[in-house]
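Student: First, the structure itself, so that you have it in front of you.
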Amino acid sequence: MSQQKILLIDDDPDLRLALRLPLEAAGYAISEASSVPEARIAVKDVKPDLIVLDVMMDTTTAGFQLALEIHSADPRSEFKEFRQIPIIMLTAIHSTTPLRFAPDEDYLPVQTFIEKPVEPEVLLAKVRECLGK
Amino acid sequence: MAVEAPVKDARTLVEAELVSSVAWLIRLRWLAGVGVLLGTWSTRALFGLGAATVPLYAIGAGILLYNLAFYLVEQRLTQTSAATDSFRRLSVWQAILDWLAMTLLIHFSGGIESPVIYFFFFHIIIVSIFFQPRTAFGFAILAAALLSAIALLEYYTILPHQPVVGFLEGPLYKNSLYLAAVLFFFTSTGLIGAYLASSIQKRLRQREEEVIRLSESLRRATVRLQTLNDGARVINSTLDLPQVLERLVKSTAEAMGVRACSIRLLDKEKQFLEPVAVYGLSQAYVNKGPVDAATNPLAHRVLGGEIVNIPDISNSSLLQYPEEARKEGIRSVLSAPLMGKTGPLGILRAYAVELARFTLGDETFLGAIAAQGSIAIENAMAYKAIEELDLAKSQFIRTVTHELRSPVSVVHSLLRTLTSGYAGEISGQQLDILSRAGRRVEYLQKLIDDLLDLAVGKADFWKTEMYEPVTIKGAVDKVVKRFEVVSREKGLTLDFQDELGTGAVRVLGTPDGLDRIFNNLVSNAVKYTPPGGRVTVKMSCVGEKVRVLVEDSGIGIPEEAMQHMFEEFYRAPNARSIEREGSGLGLTIARDLVMRFGGSIQVESSLGAGSRFTVTLPLAAPA
């Protein structure tokens, strides 16, 4: 079986490193993108099996916007072939602030959320779960 | 604010009098009719005198008959709420028929010799009371004329004399001297009587009018006082500035009885006066154009502290937009300054459709309202400034925290990657060092989270509307369950006693807040109790409050530490032996939340024997 490809999208190179090591150790092929424009190109080039995406990059909603674009139901979307790619979103929202995003198929077609700081084990488990489907 | 119904003016009072007196006279007339019948009967039966009984009885009956007619008409007029004119006509007819009856009565009871002639004075007095003095004199002369007619007609035997036989020794009706004397005295009495009655009535009426005028003045003054009082109450009831000002202009216009009232406030640059609250003016007029505080002559004077009264806007050079004002229907304007502690805030203005409407009393009144309004405006503005500052602070805190959290979180991830072995083999000592670093980073993370909680808590102090009724049992239950495993592993007995009974017991707060309070307390209890000990959580209702006890048999708190327990970053000396690094914020946060939810927290302890924390929270009002 060919290696499964994961695309890491995050503007923090240190965090990308911290995430890449456990994922590579688990046998996944990792590609990285450090900005939304880079990510758009990378999705089409790499054709990943799973995307790990940071919620906040240049702006507080940059990550969400990109996720919406990729999972858009619009048949004319540039990402129409990639609609089905599972996306794991990394959030840094504290539990006592009023904002809480939950997976909502209608509004936000992402698969799952992980709160930062990311525990490698938690990440691996979630990745296995998403790719297992 | 209750606005009293205005008292009827003098004219309508007279009219009301007329209507009720018509009914009264009709009632009296029943007695008159019966009196005539009785009188006629007694002349014969009691006094044995001869009289023209048939005509007299007929007159009596006639009086009763036409009174019945009047009665029926009056009832109908009252039921159909007829106009006053109908009643007036009815009283005129009553007068006519009464006088007719009177004349006939006199004729048939002896003419000039009849003692009944004096009854004419009743009628004269009645007429004086209800009609104008001129009318009264007219009636007095009419009475004299009628009597004279009877007397002369009988004297010249044109009319047959109808004496009461046996009453007088001899006929007087042929005595010309007697006639002249009686007629003279009768006429003068009638005129003088009419004059006196009218004068008294006129003076009474003047008094009445004055009373009405005074009572109207008093009413208006009361309404103004009420407005001032209500205004003060309104001002203190809400800090929502637009609401305060809307109410103020409306009640001012109503209290003064004028068409419109407006408030303009200086904008931030203190250059223009913007309309902030308006009552009674069209939108077109309000937006007529910019009002420049410096160049608008009226604004300039008023903002200097002066109350300016313009009795005729077409005659004043002070107005910047006189044409628009005239088109709006305004003729006089009164302006009072709204003065703040550090300078003018704006202008309060009243608009009237009459010329020269505003008196000195009005100026004083508007000035008083403006003074109250200024206080309210400043308070509301201060409150708004605080809110804005608060918001800015919250924003700042959120940004700073994010900036702090982000790098710390990445360090944590990097370390975990390393210590989990994903970057290659590491030696035991390397692992040890990295683990220590990792723990310190975790501590930093917790500290940042706690600091954020504390800071946001203080910032959100005002926002009590975020709180909702939360079931206390659920919150505490969740926390206790969270510590079950840890307690068991440590060999502690974790005892949960729920004495709340059935039914949902709710307190005002947030689920996260309640969780944090009890999490911190139970976490401490578990942490600071050595193996084999006991941690008890007990919930009960005491009056209108819920009481939650978190008790442990742990290390206890030394005497000198007790008063500092809830201070920020404070850690009791003996706590360090159990846990080297603690933020010292756990109890501070817990107490902050408890107090925000309207409750209180107490600690009791003895060193070496354990501690007890008691949280008391008020019950939420039933939804």
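Letters A, B, ... mark the chains of the structure tokens in the order given; residue numbers begin at 1 per chain; ligand numbers begin at 1, in order shown.
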Could you list, as a PyMOL selection string, every residue within 6 Å of Ala590 of chain B, counting only C-alpha atoms and ignoring same-chain residues fewer than 3 positions away?

Tutor: chain B and resi 517+587+593

Student: Selection from above, C-alpha atoms, as a short mmCIF file (atom, residue, chain, number, x, y, z; two decimals), in the first residue's frame, can you write it?

Tutor:
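Generated file (out-v8.cif):
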```cif
data_model
loop_
_atom_site.label_atom_id
_atom_site.label_comp_id
_atom_site.auth_asym_id
_atom_site.auth_seq_id
_atom_site.Cartn_x
_atom_site.Cartn_y
_atom_site.Cartn_z
CA ILE B 517 -14.82 27.14 41.69
CA LEU B 587 -8.38 30.30 45.58
CA LEU B 593 -16.16 33.79 40.76
#
```

Student: Wanna dump the chain A-chain B contacts at 8 Å for me, each residue with its shortest atom pair and the distance in Å to one decimal, counting only C-alpha atoms, ordered by chain and number, as a Markdown table?

Tutor:
```
| residue | atom | partner | partner_atom | distance |
| --- | --- | --- | --- | --- |
| A:Asp14 | CA | B:Val410 | CA | 6.8 |
| A:Leu15 | CA | B:Val410 | CA | 5.5 |
| A:Leu17 | CA | B:Leu414 | CA | 7.5 |
| A:Ala18 | CA | B:Leu414 | CA | 4.7 |
| A:Leu19 | CA | B:Thr417 | CA | 7.6 |
| A:Leu21 | CA | B:Tyr422 | CA | 5.5 |
| A:Pro22 | CA | B:Tyr422 | CA | 5.2 |
| A:Ala25 | CA | B:Tyr422 | CA | 6.3 |
| A:Ala92 | CA | B:Ser406 | CA | 7.9 |
| A:His94 | CA | B:Asp449 | CA | 7.8 |
| A:Thr96 | CA | B:Asp512 | CA | 6.4 |
| A:Lys116 | CA | B:Ser409 | CA | 6.5 |
| A:Pro117 | CA | B:Ser409 | CA | 4.8 |
| A:Val118 | CA | B:Ser413 | CA | 5.8 |
| A:Glu119 | CA | B:Ser413 | CA | 6.6 |
| A:Pro120 | CA | B:Thr417 | CA | 6.4 |
```

Student: DSSP on the backbone: which residues in segment 442-526 of chain B end up as helix (DSSP H, G or I)? Give the answer as a count of residues only.

Tutor: 58

Student: With only C-alpha atoms as the counted atoms, please give the residues lying no more than 10 Å from segment 61-66 of chain A, apart from itself and same-chain residues fewer than 6 positions off, as a list in words.

Tutor: Ile9, Asp10, Ser35, Val36, Pro37, Ala39, Arg40, Leu53, Asp54, Val55, Ser72, Met89, Leu90, Thr91, Leu108, Pro109 and Val110 of chain A

Student: Filtering to N, CA and C atoms, could you give me those residues as a CSV table (one decimal), in the first residue's frame?

Tutor:
```csv
chain,number,residue,atom,x,y,z
A,9,ILE,N,-0.6,22.5,7.3
A,9,ILE,CA,-0.7,24.0,7.0
A,9,ILE,C,-0.7,24.8,8.3
A,10,ASP,N,0.4,25.5,8.5
A,10,ASP,CA,0.6,26.3,9.7
A,10,ASP,C,1.7,27.3,9.5
A,35,SER,N,1.5,29.2,4.4
A,35,SER,CA,0.5,30.3,4.3
A,35,SER,C,-0.7,29.8,3.5
A,36,VAL,N,-1.7,30.6,3.5
A,36,VAL,CA,-2.9,30.2,2.8
A,36,VAL,C,-2.7,30.1,1.2
A,37,PRO,N,-2.0,31.1,0.7
A,37,PRO,CA,-1.8,31.0,-0.8
A,37,PRO,C,-0.9,29.7,-1.1
A,39,ALA,N,-0.8,27.1,0.6
A,39,ALA,CA,-1.6,25.9,0.9
A,39,ALA,C,-2.5,25.6,-0.3
A,40,ARG,N,-3.0,26.6,-1.0
A,40,ARG,CA,-3.9,26.4,-2.1
A,40,ARG,C,-3.2,25.6,-3.2
A,53,LEU,N,-4.7,21.6,9.7
A,53,LEU,CA,-4.7,23.1,9.4
A,53,LEU,C,-4.9,23.9,10.7
A,54,ASP,N,-4.1,24.9,10.8
A,54,ASP,CA,-4.1,25.8,12.0
A,54,ASP,C,-5.3,26.8,11.8
A,55,VAL,N,-6.1,27.0,12.8
A,55,VAL,CA,-7.2,27.9,12.6
A,55,VAL,C,-6.8,29.3,12.4
A,72,SER,N,-15.9,23.2,-0.2
A,72,SER,CA,-17.1,23.9,-0.9
A,72,SER,C,-17.8,22.9,-1.7
A,89,MET,N,-8.5,20.5,12.4
A,89,MET,CA,-8.2,21.9,12.7
A,89,MET,C,-7.6,22.0,14.1
A,90,LEU,N,-6.5,22.8,14.2
A,90,LEU,CA,-5.8,23.1,15.5
A,90,LEU,C,-6.3,24.4,16.0
A,91,THR,N,-6.9,24.4,17.2
A,91,THR,CA,-7.4,25.6,17.7
A,91,THR,C,-6.7,26.0,19.0
A,108,LEU,N,-19.5,24.1,8.8
A,108,LEU,CA,-18.1,24.0,8.8
A,108,LEU,C,-17.8,22.5,8.5
A,109,PRO,N,-17.6,22.1,7.3
A,109,PRO,CA,-17.4,20.7,6.9
A,109,PRO,C,-16.1,20.1,7.2
A,110,VAL,N,-15.6,20.4,8.5
A,110,VAL,CA,-14.3,19.8,8.9
A,110,VAL,C,-14.6,18.5,9.6
```

Student: Work out how far atom CA of Asn296 of chain B is from atom CA of Leu318 of chain B, in Å to one decimal.

Tutor: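 So the answer is 7.6 Å.
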
Student: Name the residues of segment 291-398 of chain B that come out as strand (DSSP E) in a backbone DSSP run; write them as a list of chain:residue names.

Tutor: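 So, restricting segment 291-398 of chain B to strand (DSSP E), we get B:Val308, B:Asn309, B:Ile310, B:Ser332, B:Val333, B:Leu334, B:Ser335, B:Ala336, B:Pro337, B:Leu338, B:Met339, B:Pro344, B:Leu345, B:Gly346, B:Ile347, B:Leu348, B:Arg349, B:Ala350, B:Tyr351, B:Ala352.
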
Student: Fewer than 2 positions away in the same chain doesn't count, so skip those; otherwise give me all residues within 6 Å of Val615 of chain B, counting only C-alpha atoms, as a short mmCIF file (atom, residue, chain, number, x, y, z; two decimals) with C-alpha atoms, in the first residue's frame.

Tutor:
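Now in result.cif:
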```
data_model
loop_
_atom_site.label_atom_id
_atom_site.label_comp_id
_atom_site.auth_asym_id
_atom_site.auth_seq_id
_atom_site.Cartn_x
_atom_site.Cartn_y
_atom_site.Cartn_z
CA ARG B 547 -24.17 25.82 50.82
CA VAL B 548 -21.37 23.63 49.51
CA SER B 600 -19.45 34.21 49.73
CA ILE B 601 -16.63 31.83 50.65
#
```

Student: Figure out the distance between atom CA of Phe358 of chain B and atom CA of Gln283 of chain B, please, to one decimal in Å.

Tutor: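 Calculated distance between atom CA of Gln283 of chain B and atom CA of Phe358 of chain B is 24.2 Å.
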
Student: Give me, please, the distance in Å between atom CA of Asn574 of chain B and atom CA of Val480 of chain B, quoted to one decimal.

Tutor: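 Between atom CA of Asn574 of chain B and atom CA of Val480 of chain B the gap is 24.9 Å.
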
Student: Neighbouring residues of Val43 of chain A were defined as those with any atom within 9 Å, considering only C-alpha atoms; residues of the same chain fewer than 3 positions away were excluded. Please report them as JSON, numbers by chain.

Tutor: {"A": [7, 38, 39, 40, 46, 47, 48, 51, 70, 79, 82]}

Student: Please provide as a ChimeraX atom specification all residues within 7 Å of Val550 of chain B, with the sequence filter that same-chain residues fewer than 2 positions apart are discarded (counting only C-alpha atoms).

Tutor: /B:521-522,536-538,548,552,612-614

Student: I want to know what sits within 8 Å of Ser583 of chain B, based on only C-alpha atoms, with residues of the same chain fewer than 2 positions away left out; could you give that as a compact mmCIF listing (two decimals) with C-alpha atoms, in the first residue's frame?

Tutor:
```
# COMPACT_ATOMS: atom_id res chain seq x y z
CA TYR B 443 3.14 25.53 34.86
CA LYS B 446 -1.59 27.12 33.70
CA LEU B 447 -0.41 30.44 35.06
CA PHE B 569 -0.10 34.36 44.20
CA GLU B 581 5.09 25.03 42.07
CA LEU B 585 -4.23 31.88 42.05
CA GLY B 586 -6.57 28.95 42.52
```
